[in-house]
>>> print(open('entry-v7.cif').read())   # mmCIF, C-alpha atoms
data_model
loop_
_atom_site.label_atom_id
_atom_site.label_comp_id
_atom_site.auth_asym_id
_atom_site.auth_seq_id
_atom_site.Cartn_x
_atom_site.Cartn_y
_atom_site.Cartn_z
CA MET D 1 94.98 -16.45 241.96
CA ILE D 2 94.24 -15.78 238.27
CA HIS D 3 90.59 -16.71 238.84
CA ARG D 4 90.39 -14.29 241.76
CA LEU D 5 91.97 -11.55 239.65
CA MET D 6 89.52 -12.24 236.83
CA ARG D 7 86.62 -12.11 239.29
CA LEU D 8 87.81 -8.66 240.40
CA LEU D 9 88.36 -7.44 236.85
CA ARG D 10 85.18 -8.85 235.34
CA PRO D 11 82.91 -5.85 236.21
CA LEU D 12 85.47 -3.44 234.80
CA LEU D 13 85.92 -5.49 231.63
CA ARG D 14 82.16 -5.73 231.15
CA ALA D 15 81.86 -1.96 231.58
CA VAL D 16 84.51 -1.44 228.90
CA ASP D 17 82.64 -3.84 226.58
CA ALA D 18 79.38 -2.00 227.21
CA ALA D 19 81.04 1.36 226.48
CA SER D 20 82.43 -0.07 223.22
CA ARG D 21 79.01 -1.34 222.20
CA LEU D 22 77.46 2.02 223.07
CA SER D 23 80.11 3.90 221.09
CA SER D 24 79.61 1.65 218.08
CA TRP D 25 75.85 2.31 218.18
CA ALA D 26 76.52 6.03 218.56
CA GLY D 27 78.88 5.81 215.61
CA ALA D 28 76.25 4.04 213.52
CA LEU D 29 73.64 6.67 214.36
CA ALA D 30 76.08 9.48 213.67
CA LEU D 31 77.01 7.84 210.38
CA ALA D 32 73.35 7.77 209.38
CA ALA D 33 73.07 11.46 210.28
CA LEU D 34 76.20 12.25 208.28
CA VAL D 35 74.82 10.45 205.23
CA CYS D 36 71.60 12.46 205.53
CA LEU D 37 73.66 15.66 205.79
CA LEU D 38 75.65 14.72 202.69
CA VAL D 39 72.48 13.99 200.73
CA GLU D 40 70.94 17.27 201.89
CA GLU D 41 74.12 19.16 200.95
CA ALA D 42 74.17 17.56 197.49
CA ALA D 43 70.47 18.33 196.97
CA MET D 44 71.02 21.97 197.94
CA ARG D 45 73.94 22.24 195.53
CA LEU D 46 71.83 20.76 192.72
CA ALA D 47 68.78 22.90 193.50
CA THR D 48 70.42 26.25 194.24
CA GLY D 49 73.91 25.96 192.81
CA ARG D 50 75.49 26.36 196.24
CA GLY D 51 75.44 24.35 199.43
CA THR D 52 74.56 25.27 202.96
CA ALA D 53 76.97 27.16 205.18
CA TRP D 54 77.03 24.41 207.78
CA GLY D 55 76.42 21.05 206.08
CA PHE D 56 79.91 20.42 204.78
CA ASP D 57 81.48 21.60 208.04
CA LEU D 58 79.40 19.20 210.13
CA VAL D 59 80.27 16.31 207.84
CA TRP D 60 83.96 17.24 207.90
CA MET D 61 84.09 17.47 211.69
CA GLY D 62 82.02 14.38 212.32
CA ALA D 63 83.58 11.97 209.84
CA GLY D 64 86.72 11.32 211.86
CA ALA D 65 84.80 10.95 215.09
CA VAL D 66 82.35 8.49 213.53
CA PHE D 67 85.20 6.36 212.27
CA LEU D 68 86.93 6.38 215.65
CA LEU D 69 83.74 5.55 217.54
CA GLY D 70 83.61 2.21 215.75
CA LEU D 71 87.23 1.29 216.47
CA GLY D 72 86.65 0.06 220.02
CA ARG D 73 84.04 -2.35 218.76
CA ALA D 74 86.30 -3.42 215.91
CA ALA D 75 88.98 -4.22 218.48
CA ARG D 76 86.54 -6.27 220.55
CA ASP D 77 85.30 -8.18 217.52
CA ASP D 78 88.91 -8.79 216.43
CA ARG D 79 88.44 -7.08 213.06
CA PHE D 80 91.89 -5.44 212.95
CA ALA D 81 94.66 -6.38 210.62
CA ARG D 82 97.56 -7.66 212.66
CA ALA D 83 101.25 -8.24 212.25
CA ARG D 84 102.17 -11.86 211.78
CA GLY D 85 104.99 -11.94 214.33
CA LEU D 86 104.59 -15.53 215.48
CA PRO D 87 104.34 -18.35 212.96
CA ALA D 88 101.28 -20.56 212.66
CA TRP D 89 103.14 -23.54 214.12
CA SER D 90 103.68 -21.74 217.45
CA PRO D 91 101.19 -22.73 220.17
CA ALA D 92 97.96 -20.75 220.23
CA ARG D 93 98.49 -19.96 223.93
CA LEU D 94 101.88 -18.36 223.16
CA ARG D 95 100.37 -16.29 220.33
CA ARG D 96 97.53 -15.20 222.61
CA ILE D 97 99.84 -14.17 225.48
CA ALA D 98 102.25 -12.37 223.11
CA ARG D 99 99.40 -10.44 221.56
CA GLY D 100 97.98 -9.64 225.01
CA ILE D 101 101.35 -8.30 226.16
CA PHE D 102 101.61 -6.18 223.01
CA GLU D 103 98.09 -4.81 223.52
CA VAL D 104 98.43 -4.08 227.25
CA PHE D 105 101.96 -2.72 227.35
CA LEU D 106 102.41 -1.03 223.98
CA PHE D 107 99.29 -0.48 221.87
CA ALA D 108 96.78 0.53 224.56
CA PRO D 109 99.21 3.00 226.21
CA LEU D 110 99.99 4.60 222.83
CA VAL D 111 96.33 4.98 221.93
CA GLY D 112 95.62 6.17 225.48
CA ALA D 113 98.35 8.80 225.15
CA ALA D 114 96.77 9.98 221.89
CA GLY D 115 93.42 10.18 223.71
CA LEU D 116 94.98 12.14 226.57
CA PHE D 117 96.51 14.55 224.06
CA GLY D 118 93.11 14.87 222.40
CA TRP D 119 91.48 15.69 225.74
CA SER D 120 94.10 18.38 226.40
CA ARG D 121 93.51 19.91 222.96
CA ALA D 122 89.73 19.83 223.48
CA LEU D 123 90.12 21.51 226.88
CA ILE D 124 92.32 24.24 225.41
CA ALA D 125 89.85 24.76 222.55
CA PHE D 126 87.00 24.96 225.08
CA GLN D 127 88.83 27.44 227.33
CA GLU D 128 89.84 29.65 224.41
CA GLY D 129 86.52 29.33 222.58
CA ALA D 130 88.46 28.27 219.47
CA VAL D 131 86.53 28.18 216.23
CA ASP D 132 87.27 26.74 212.81
CA ARG D 133 88.65 29.74 210.91
CA ILE D 134 88.31 28.08 207.52
CA SER D 135 84.56 27.71 207.80
CA ALA D 136 82.18 30.58 207.12
CA TRP D 137 79.97 29.11 209.85
CA ALA D 138 82.89 29.28 212.36
CA PRO D 139 81.83 26.30 214.52
CA LEU D 140 83.43 25.65 217.88
CA LEU D 141 86.23 23.09 217.67
CA TRP D 142 86.03 21.54 221.13
CA PRO D 143 82.98 19.29 220.57
CA SER D 144 84.52 17.40 217.67
CA GLN D 145 87.90 17.28 219.41
CA ALA D 146 86.29 15.92 222.58
CA LEU D 147 84.42 13.28 220.58
CA ILE D 148 87.64 12.12 218.94
CA ALA D 149 89.42 12.08 222.32
CA ALA D 150 86.57 10.05 223.84
CA ALA D 151 86.72 7.57 220.97
CA LEU D 152 90.48 7.14 221.38
CA THR D 153 90.07 6.68 225.13
CA LEU D 154 87.40 4.03 224.60
CA MET D 155 89.57 2.27 222.04
CA ALA D 156 92.53 2.22 224.45
CA ALA D 157 90.31 0.80 227.19
CA GLN D 158 88.91 -1.90 224.89
CA VAL D 159 92.32 -2.94 223.58
CA GLY D 160 93.72 -3.01 227.12
CA ALA D 161 90.77 -5.06 228.37
CA ASP D 162 91.12 -7.57 225.55
CA GLY D 163 94.86 -7.78 226.15
CA LEU D 164 94.24 -8.57 229.82
CA ARG D 165 91.75 -11.24 228.81
CA ARG D 166 94.30 -12.80 226.49
CA ILE D 167 97.11 -12.74 229.07
CA LEU D 168 94.90 -14.22 231.78
CA ASN D 169 93.35 -16.72 229.35
CA ALA D 170 89.87 -15.56 230.25
CA PRO D 171 87.02 -17.61 228.79
CA ASP D 172 85.52 -14.47 227.23
CA ALA D 173 88.79 -13.46 225.50
CA PRO D 174 88.45 -12.75 221.80
CA PRO D 175 89.34 -15.84 219.75
CA GLU D 176 92.92 -16.06 218.61
CA ARG D 177 93.21 -17.19 215.02
CA ALA D 178 96.32 -18.68 213.51
CA PRO D 179 98.27 -16.34 211.23
CA GLY D 180 96.82 -16.41 207.76
CA ALA D 181 93.38 -17.52 208.98
CA GLU D 182 90.54 -15.56 207.49
CA SER D 183 88.58 -13.38 209.91
CA GLU D 184 84.84 -13.75 210.36
CA GLY D 185 83.04 -11.94 207.61
CA ALA D 186 86.23 -11.32 205.63
CA GLY D 187 85.04 -13.61 202.87
CA ALA D 188 81.58 -12.03 202.84
#
>>> encode(input="entry-v7.cif", output="structure tokens")
Amino acid sequence: MIHRLMRLLRPLLRAVDAASRLSSWAGALALAALVCLLVEEAAMRLATGRGTAWGFDLVWMGAGAVFLLGLGRAARDDRFARARGLPAWSPARLRRIARGIFEVFLFAPLVGAAGLFGWSRALIAFQEGAVDRISAWAPLLWPSQALIAAALTLMAAQVGADGLRRILNAPDAPPERAPGAESEGAGA
């Protein structure tokens, strides 16, 4: 029965993985663009004594979204810090199932609720044509809010998918390390 369930879920889980990879690439490209904007803003301040009207605003609005776009991939690659609730001597299968239950029934719904709230705020900002009143450029708020909501939604989907993999002991589940074990790349 578990194999049949995994066979049904596999296309959905692969789609979530693909969306996480796509969002991490989008985050990397956006990060490169943000670095270029920061360099351009600094150059303008050095050359003219004042920056552009839009450079700082774009960096400010995009920084949070760029960070969040990479979170789904970080979840998939198991790069998060985690609570050490079960001791190292407990069986790996028990640790994996407990973590899967936490991810599916607590963490993913909380992040999903934050994403849903973000979508509602973006929709309200879109309908009202809300602008950033602090900025002289007065950019629309809904694009950055929608990007953050999309990133939170993708993160919730990735965490939920990985939790299902752990619960069902899927062969493509992220590896479960014993508490205190160093993550890949942590020593690098």
>>> atom_distance(input="entry-v7.cif", atom1="CA of Ser135 (chain D)", atom2="CA of Gly55 (chain D)")
10.7 Å
>>> closest_residue(input="entry-v7.cif", among="D:Pro143, D:Gly27, D:Gly115, D:Gly62", to="Val131 (chain D)", atoms="only C-alpha atoms")
D:Pro143
>>> resolve_selection(input="entry-v7.cif", expression="the PyMOL selection byres ((chain D and resi 96) around 9)", output="list in words")
Pro91, Ala92, Arg93, Leu94, Arg95, Ile97, Ala98, Arg99, Gly100, Ile101, Gly163, Arg166, Ile167, Asn169, Pro175, Glu176 and Arg177 of chain D
>>> closest_residue(input="entry-v7.cif", among="D:Ala114, D:Ala28, D:Cys36, D:Leu46", to="Leu154 (chain D)", atoms="all atoms listed in the file")
D:Ala114
>>> residues_around(input="entry-v7.cif", residues="Trp137 (chain D)", least_positions_apart="4", cutoff="9 Å", atoms="only C-alpha atoms", output="VMD selection string")
chain D and resid 53 to 54 57 132 to 133
>>> atom_distance(input="entry-v7.cif", atom1="CA of Leu164 (chain D)", atom2="CA of Arg7 (chain D)")
12.7 Å
>>> closest_residue(input="entry-v7.cif", among="D:Arg4, D:Ala173, D:Ile148, D:Phe56", to="Ala42 (chain D)", atoms="all atoms listed in the file")
D:Phe56
>>> closest_residue(input="entry-v7.cif", among="D:Leu37, D:Leu141, D:Met155, D:Ala146", to="Leu110 (chain D)", atoms="all atoms listed in the file")
D:Met155
>>> resolve_selection(input="entry-v7.cif", expression="the PyMOL selection byres ((chain D and resi 150) around 12)", output="CSV table (one decimal) with C-alpha atoms, keeping the file's coordinate frame")
chain,number,residue,atom,x,y,z
D,19,ALA,CA,81.0,1.4,226.5
D,20,SER,CA,82.4,-0.1,223.2
D,23,SER,CA,80.1,3.9,221.1
D,65,ALA,CA,84.8,11.0,215.1
D,66,VAL,CA,82.4,8.5,213.5
D,68,LEU,CA,86.9,6.4,215.6
D,69,LEU,CA,83.7,5.6,217.5
D,70,GLY,CA,83.6,2.2,215.8
D,71,LEU,CA,87.2,1.3,216.5
D,72,GLY,CA,86.6,0.1,220.0
D,111,VAL,CA,96.3,5.0,221.9
D,112,GLY,CA,95.6,6.2,225.5
D,113,ALA,CA,98.4,8.8,225.2
D,114,ALA,CA,96.8,10.0,221.9
D,115,GLY,CA,93.4,10.2,223.7
D,116,LEU,CA,95.0,12.1,226.6
D,117,PHE,CA,96.5,14.6,224.1
D,118,GLY,CA,93.1,14.9,222.4
D,119,TRP,CA,91.5,15.7,225.7
D,120,SER,CA,94.1,18.4,226.4
D,122,ALA,CA,89.7,19.8,223.5
D,142,TRP,CA,86.0,21.5,221.1
D,143,PRO,CA,83.0,19.3,220.6
D,144,SER,CA,84.5,17.4,217.7
D,145,GLN,CA,87.9,17.3,219.4
D,146,ALA,CA,86.3,15.9,222.6
D,147,LEU,CA,84.4,13.3,220.6
D,148,ILE,CA,87.6,12.1,218.9
D,149,ALA,CA,89.4,12.1,222.3
D,151,ALA,CA,86.7,7.6,221.0
D,152,LEU,CA,90.5,7.1,221.4
D,153,THR,CA,90.1,6.7,225.1
D,154,LEU,CA,87.4,4.0,224.6
D,155,MET,CA,89.6,2.3,222.0
D,156,ALA,CA,92.5,2.2,224.4
D,157,ALA,CA,90.3,0.8,227.2
>>> atom_distance(input="entry-v7.cif", atom1="CA of Leu5 (chain D)", atom2="CA of Asp172 (chain D)")
14.3 Å
>>> closest_residue(input="entry-v7.cif", among="D:Ala161, D:Leu140, D:Val104, D:Ile2", to="Ile124 (chain D)", atoms="only C-alpha atoms")
D:Leu140
>>> closest_residue(input="entry-v7.cif", among="D:Met6, D:Ala138, D:Leu31, D:Ala130", to="Phe67 (chain D)", atoms="only C-alpha atoms")
D:Leu31
>>> residues_around(input="entry-v7.cif", residues="Asp17 (chain D)", least_positions_apart="4", cutoff="7 Å", atoms="only C-alpha atoms", output="CSV table (one decimal) with C-alpha atoms, in the coordinates of the input")
chain,number,residue,atom,x,y,z
D,13,LEU,CA,85.9,-5.5,231.6
D,21,ARG,CA,79.0,-1.3,222.2
D,158,GLN,CA,88.9,-1.9,224.9
